[in-house]
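A short write-up of the structure that comes next.
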Amino acid sequence: MCGIVGYTGPKRVVPVILEGLRRLEYRGYDSAGVVYLQDGRLIKHRAEGKLVNLENRIDDAIIAKAHIGLGHTRWATHGAPTEENAHPHSDCSGDLVVVHNGIIENYHSLREDLKSKGHVFSSETDTEVLAHLIEEHLKDDLVEAVKAALKLVDGSFALGVLWAKQPGTLIAARNQSPLVLGVSEDNGMLMASDIPALLPYTNKVVFLEDMEMAVITASSYAVSSLETGAEVEKEVKIIEWNAAMAEKAGYKHFMLKEIYEQPQAITNTLSGRINPETGEVFIPEVNLTSEDVTKIDRIFLVACGTSWHAALVAKYWIEKYARIPVDVDIASEFRYRDLVIDERVMTISISQSGETADTLAGIRIAKQLGSKVITICNVVGSTMTREADGTVYTHAGPEIGVASTKAFTAQLAALFLLTLQLGQLKGTVSLEKSLELGRALIDVAAVIGRDLKKMQNQIAELIETFYDARDFLFVGRGLSYPIALEGALKLKELSYIHAEGYASGELKHGPIALIDKDMPILALVPKDAVYQKSISNVEEIKARQGRLILIGTEGDDHLKNITDDVIYMPEVHEEMNPLLYTIPAQLLSYEIANRRGCDVDQPRNLAKSVTVE
Ligand code: F6R
């Protein structure tokens, strides 16, 4: 949430910042701003709404000489999404600017105090307090002033600071919001909220930890602790992603590109982790032994949103194959519950970004209570991966579309592998069974790759009858239930149609009252262990004139007797249905949103990487 970029080096700063913001716009698009230092003066441009509004205001000719600056793309927390509230925010003199991601929890009392000392505020934001607070402590040493100011602050921050009177220096600081430095001998130094902003210039990065600060010049960086002031030795990490991976590559939207990347994302996630001859699973990163697994009494799966849906699927798999009881929790609830957790509990967090504030807080609590913590994560080096005892990376590549797609199916692949590993270590899954299931997982990626285009064409045609619906229901049983929830989430976030997902068997306990001839209901009815039960539930819907869309297994002619709107899926191993049936649910939401003219990649009110609670 909120993207910040900072640059100093030989390049013209404004194009570097704008390119960085373009790559971070998924983090928020309520307003954008840039500041640069030219002829000893800080020059700010800000605009309400998307980055394009800012770009339209900047005259390229006047920015030729600037080589240091900061930029911000905002997801509003405190204060409306207006130009006045857009970052960068300045102090009273206008010589100092700040960009910020996070929430300053004690901003109100700080603001009142600063006002009583004569500071004049021009926005409603919590961030502006930081600019004035630093100004209050500033004599001639910016570093000391930032440190002194941050000592008074409660809350989360990733911060960029620039002072006109120290023209070659940028300050970066972090607490509970992500911030990473980009290091390049030729292109200068960068800071950003996320890696894609750095990739056009460097693949060498340094992750800042909580309560660390960096002093950056065009050719150096020095990191120190905000608490002790001591210098901190940092490791430079090499990122395997390249800049082109964060581009649309000819697709109309990032989301569509990412839907099409799913076969590759699943394959990459499996690659090298399962022996296709013997069925043996290798996930050395989680460092689990048979002894560890035998001691586990219970697993908590903790996540938010789409990642939580992946957790719901994994519960079925882990309980069935590894025979370990699983609780699935929404992280924002988990973190405030009176948890019964000790060292016999394993906690698994699932997160595309590895930065989601609630999930991160959840694993910190679980760790304190003695639980071993494993994370399933897509972003290399993200905070969750640094704090967990082990990480199973999903190798989905950068996900830019705000609605998660390929990260979800890659999470499912990683969770299934982890299930097999737990089962093998516990002795509940034989190598023979593992081989059968492992091959099924490898095969499903190929099946999706083969049939994706066909599915998209069919769905694009089908939605003509449904795209203007006011409400939508998604139903499924067993492994299809979490996919129904995921389908409903995708549709509501992308197209703003009210949609709900239900376990099919739960309909008659209330939601069936919603059904009439105007209510579209997408029912997932693969030929699986609960097929007959699902069909009975579908018949109940039909009896109440619901407008049914069925997604079922190729060759199941009975479905055509129920409704004309049937999408047939190839038959795959039953356990793989969640991966396969997610694809039409994603495509349906994509096509409906596109047909309604919605902003598919940047739906209203949302941002990717939810770093505030
Ligand atoms: C929905 C979506 C969100 C995220 C959620 C968790 O399409 O993308 O629901 O899944 O915000 O994010 P991560 O996985 O980064 O923790």
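Note on naming: chains are A, B, ... as they come in the structure tokens, residues start from 1 per chain, ligands start from 1 in the order shown.
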### Message
Can you work out which residues are within 6 Å of ligand 1, considering only C-alpha atoms and all ligand atoms, and then hand them over as a VMD selection string?
### Response
chain A and resid 304 to 307 351 to 354 356 402 to 404 490 609 to 610
Would you save the residues from that selection as a tab-separated table (two decimals), in the first residue's frame, using N, CA, C and O atoms?
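Writing done, so here's again-v3.tsv:
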chain	number	residue	atom	x	y	z
A	304	CYS	N	-4.62	-13.92	4.22
A	304	CYS	CA	-5.71	-12.99	3.93
A	304	CYS	C	-6.17	-13.17	2.49
A	304	CYS	O	-5.36	-13.52	1.62
A	305	GLY	N	-7.44	-12.86	2.25
A	305	GLY	CA	-7.98	-12.76	0.88
A	305	GLY	C	-7.79	-14.03	0.08
A	305	GLY	O	-8.09	-15.15	0.55
A	306	THR	N	-7.27	-13.86	-1.12
A	306	THR	CA	-7.08	-14.99	-2.02
A	306	THR	C	-6.14	-16.03	-1.40
A	306	THR	O	-6.34	-17.24	-1.53
A	307	SER	N	-5.11	-15.56	-0.71
A	307	SER	CA	-4.18	-16.50	-0.08
A	307	SER	C	-4.88	-17.33	0.99
A	307	SER	O	-4.55	-18.49	1.22
A	351	SER	N	1.29	-15.98	1.54
A	351	SER	CA	1.23	-14.59	1.12
A	351	SER	C	1.99	-14.39	-0.19
A	351	SER	O	3.14	-14.79	-0.28
A	352	GLN	N	1.33	-13.79	-1.15
A	352	GLN	CA	2.03	-13.47	-2.39
A	352	GLN	C	3.15	-12.48	-2.10
A	352	GLN	O	4.30	-12.71	-2.46
A	353	SER	N	2.80	-11.39	-1.42
A	353	SER	CA	3.75	-10.28	-1.24
A	353	SER	C	4.77	-10.54	-0.14
A	353	SER	O	5.87	-10.00	-0.18
A	354	GLY	N	4.36	-11.31	0.87
A	354	GLY	CA	5.24	-11.48	2.03
A	354	GLY	C	5.28	-10.24	2.90
A	354	GLY	O	6.13	-10.13	3.79
A	356	THR	N	2.05	-8.54	3.85
A	356	THR	CA	0.71	-8.23	4.38
A	356	THR	C	0.77	-8.07	5.90
A	356	THR	O	1.19	-8.99	6.61
A	402	VAL	N	-3.70	-6.17	-9.59
A	402	VAL	CA	-4.04	-6.11	-8.16
A	402	VAL	C	-4.76	-7.39	-7.72
A	402	VAL	O	-4.55	-7.89	-6.61
A	403	ALA	N	-5.60	-7.93	-8.60
A	403	ALA	CA	-6.28	-9.19	-8.25
A	403	ALA	C	-5.31	-10.35	-8.46
A	403	ALA	O	-4.75	-10.52	-9.53
A	404	SER	N	-5.16	-11.14	-7.45
A	404	SER	CA	-4.17	-12.22	-7.49
A	404	SER	C	-4.69	-13.39	-8.34
A	404	SER	O	-5.83	-13.81	-8.20
A	490	LYS	N	-13.06	-12.62	-6.74
A	490	LYS	CA	-12.54	-12.06	-7.99
A	490	LYS	C	-13.61	-11.21	-8.65
A	490	LYS	O	-13.35	-10.11	-9.12
A	609	SER	N	-0.56	-5.66	-1.85
A	609	SER	CA	0.39	-5.61	-0.75
A	609	SER	C	-0.15	-4.70	0.36
A	609	SER	O	0.17	-3.51	0.44
A	610	VAL	N	-0.99	-5.28	1.21
A	610	VAL	CA	-1.72	-4.50	2.20
A	610	VAL	C	-0.86	-4.38	3.46
A	610	VAL	O	-0.92	-5.22	4.35
Close residues, A:Thr385 itself excluded, 7 Å, only C-alpha atoms, min 4 positions apart in chain, as a compact mmCIF listing (two decimals) with N, CA, C and O atoms, in the first residue's frame:
# COMPACT_ATOMS: atom_id res chain seq x y z
N GLY A 354 4.36 -11.31 0.87
CA GLY A 354 5.24 -11.48 2.03
C GLY A 354 5.28 -10.24 2.90
O GLY A 354 6.13 -10.13 3.79
N THR A 375 6.61 -20.14 5.70
CA THR A 375 5.81 -19.25 4.85
C THR A 375 5.84 -19.73 3.40
O THR A 375 6.85 -20.24 2.94
N GLY A 381 12.96 -12.43 -0.56
CA GLY A 381 13.55 -11.46 0.37
C GLY A 381 12.53 -10.63 1.12
O GLY A 381 12.90 -9.76 1.90
N THR A 391 10.99 -21.03 4.17
CA THR A 391 10.10 -20.48 3.14
C THR A 391 9.99 -21.47 1.98
O THR A 391 11.00 -22.00 1.52
### Query
Leaving out A:Lys517 and any residue of its chain fewer than 2 positions from it, which residues lie within 8 Å of it when counting only C-alpha atoms, given as a list in words?
Ile515, Met519, Arg544, Gln545, Gly546 and Arg547 of chain A
### Query
Nearest to A:Arg22: which of A:Gly427, A:Pro178, A:Gly155, A:Pro200 is it, counting only C-alpha atoms?
A:Pro200
### stretch 442-459 of chain A surroundings by only C-alpha atoms, 10 Å radius, close-in-sequence under 4 positions cut, as a PyMOL selection string
chain A and resi 259-267+270-271+274+276+409+413+437-438+463-464+565-573+576-577+579-581+583-592
Can you write out the residues you just picked, keeping C-alpha atoms, as a short mmCIF file (atom, residue, chain, number, x, y, z; two decimals), in the first residue's frame?
data_model
loop_
_atom_site.label_atom_id
_atom_site.label_comp_id
_atom_site.auth_asym_id
_atom_site.auth_seq_id
_atom_site.Cartn_x
_atom_site.Cartn_y
_atom_site.Cartn_z
CA ILE A 259 -3.80 -15.78 -16.00
CA TYR A 260 -1.95 -17.06 -19.06
CA GLU A 261 1.28 -17.42 -17.11
CA GLN A 262 -0.27 -19.93 -14.72
CA PRO A 263 0.95 -23.14 -16.36
CA GLN A 264 4.49 -21.78 -16.19
CA ALA A 265 4.05 -20.52 -12.63
CA ILE A 266 2.87 -23.96 -11.48
CA THR A 267 5.66 -25.72 -13.37
CA LEU A 270 7.28 -27.67 -8.85
CA SER A 271 10.59 -27.59 -10.63
CA ILE A 274 9.59 -33.57 -6.89
CA PRO A 276 9.01 -37.53 -11.39
CA THR A 409 -2.43 -21.37 -8.34
CA ALA A 413 1.03 -26.14 -6.10
CA LEU A 437 -0.19 -37.31 -6.95
CA GLY A 438 3.02 -35.58 -8.02
CA ILE A 463 -20.89 -13.60 -20.16
CA GLU A 464 -22.97 -11.64 -22.70
CA ASP A 565 -24.82 -22.85 -19.84
CA VAL A 566 -22.23 -25.53 -19.18
CA ILE A 567 -18.47 -25.13 -19.36
CA TYR A 568 -16.72 -28.45 -19.65
CA MET A 569 -13.30 -28.99 -18.14
CA PRO A 570 -10.95 -31.83 -19.01
CA GLU A 571 -10.86 -34.67 -16.50
CA VAL A 572 -7.82 -34.42 -14.21
CA HIS A 573 -6.93 -36.11 -10.92
CA MET A 576 -6.10 -31.14 -8.88
CA ASN A 577 -9.58 -29.77 -9.52
CA LEU A 579 -6.12 -25.59 -9.71
CA LEU A 580 -8.08 -26.30 -12.86
CA TYR A 581 -11.49 -24.92 -11.83
CA ILE A 583 -9.13 -20.77 -14.24
CA PRO A 584 -12.71 -20.40 -15.55
CA ALA A 585 -13.65 -18.53 -12.35
CA GLN A 586 -10.80 -16.06 -12.98
CA LEU A 587 -11.67 -15.73 -16.67
CA LEU A 588 -15.35 -15.15 -15.93
CA SER A 589 -14.48 -12.28 -13.59
CA TYR A 590 -11.94 -10.88 -16.03
CA GLU A 591 -14.33 -10.99 -19.00
CA ILE A 592 -17.24 -9.50 -17.06
#
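Neighbouring residues of A:Glu333 at 10 Å or closer, counting only C-alpha atoms and skipping chain neighbours under 3 positions away, are Val302, Cys304, Asp329, Ile330, Tyr336, Arg337, Asp358, Thr359 and Gly362 of chain A.
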### Task
List every residue of stretch 258-371 of chain A that DSSP, applied to the backbone, labels as helix (DSSP H, G or I), and write the result as an MDAnalysis selection string.
chainID A and resid 258:260 262:270 284:286 290:295 305:322 331:334 357:368
### Task
Name the residues of stretch 166-323 of chain A that fall into strand (DSSP E or B) according to DSSP on the backbone, using the chain letters and numbers of this document, as a PyMOL selection string.
chain A and resi 170-176+180-184+188-192+204-207+212-217+220-225+231+237-238+274+281+298-303
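The residue set within 12 Å of A:Lys139, counting only C-alpha atoms and dropping same-chain residues fewer than 5 places from it, reads Ile134, Glu144, Ala145, Val146, Ala148, Trp163, Lys165 and Gln166 of chain A.
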Selected residues written out, N, CA and C atoms, as an mmCIF file, in the first residue's frame:
data_model
loop_
_atom_site.group_PDB
_atom_site.id
_atom_site.type_symbol
_atom_site.label_atom_id
_atom_site.label_comp_id
_atom_site.auth_asym_id
_atom_site.auth_seq_id
_atom_site.Cartn_x
_atom_site.Cartn_y
_atom_site.Cartn_z
ATOM 1 N N ILE A 134 10.652 16.419 11.702
ATOM 2 C CA ILE A 134 12.082 16.440 11.343
ATOM 3 C C ILE A 134 12.578 17.892 11.342
ATOM 4 N N GLU A 144 20.732 13.121 12.065
ATOM 5 C CA GLU A 144 20.379 13.206 13.488
ATOM 6 C C GLU A 144 18.931 13.670 13.657
ATOM 7 N N ALA A 145 18.510 14.592 12.821
ATOM 8 C CA ALA A 145 17.133 15.108 12.931
ATOM 9 C C ALA A 145 16.120 14.006 12.615
ATOM 10 N N VAL A 146 16.401 13.209 11.598
ATOM 11 C CA VAL A 146 15.470 12.119 11.246
ATOM 12 C C VAL A 146 15.416 11.117 12.391
ATOM 13 N N ALA A 148 16.061 11.594 15.577
ATOM 14 C CA ALA A 148 15.366 12.166 16.739
ATOM 15 C C ALA A 148 13.861 12.177 16.507
ATOM 16 N N TRP A 163 16.491 16.868 1.698
ATOM 17 C CA TRP A 163 16.636 18.226 2.243
ATOM 18 C C TRP A 163 17.461 19.045 1.267
ATOM 19 N N LYS A 165 19.195 21.513 1.621
ATOM 20 C CA LYS A 165 20.491 22.018 2.095
ATOM 21 C C LYS A 165 21.546 20.922 2.235
ATOM 22 N N GLN A 166 21.167 19.693 1.942
ATOM 23 C CA GLN A 166 22.152 18.591 1.904
ATOM 24 C C GLN A 166 21.929 17.890 0.562
#
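Counting only C-alpha atoms and comparing A:Arg596, A:His132, A:Lys248, A:His108, the residue that lies closest to A:His78 is A:His108.
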### Message
When you look at A:Ala243 with a cut-off of 12 Å (counting only C-alpha atoms), what residues show up, excluding the ones that are within fewer than 6 positions of it in the same chain? I need them as a list in words.
### Response
Glu19, Gly20, Arg23, Ile195, Pro196, Ala197, Leu198, Leu199, Pro200, Tyr201, Thr202, Asn203, Ala249, Gly397 and Pro398 of chain A
## Note on the structure
For A:Ile17, the closest of A:Val293, A:Ala218, A:Leu114, A:Ala192 counting only C-alpha atoms is A:Ala192
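For the pair atom CA of A:Leu179 and atom CA of A:Glu105, the separation is 19.3 Å.
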### Summary
Atom pair atom CA of A:Lys372 + atom CA of A:Ile283, distance 15.7 Å
### Query
Which distance in Å separates atom CA of A:His67 and atom CA of A:Ala86, to one decimal?
22.0 Å
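Between A:Gly28 and the residues A:Gly510, A:Gly182, A:Gly476, A:Pro81, the shortest atom-to-atom distance, using only C-alpha atoms, involves A:Pro81.
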#### Entry: Nearest residue to A:Ile400 from the set A:Phe474, A:Tyr502, A:Tyr107, A:Phe254 (distances using only C-alpha atoms)
A:Phe254
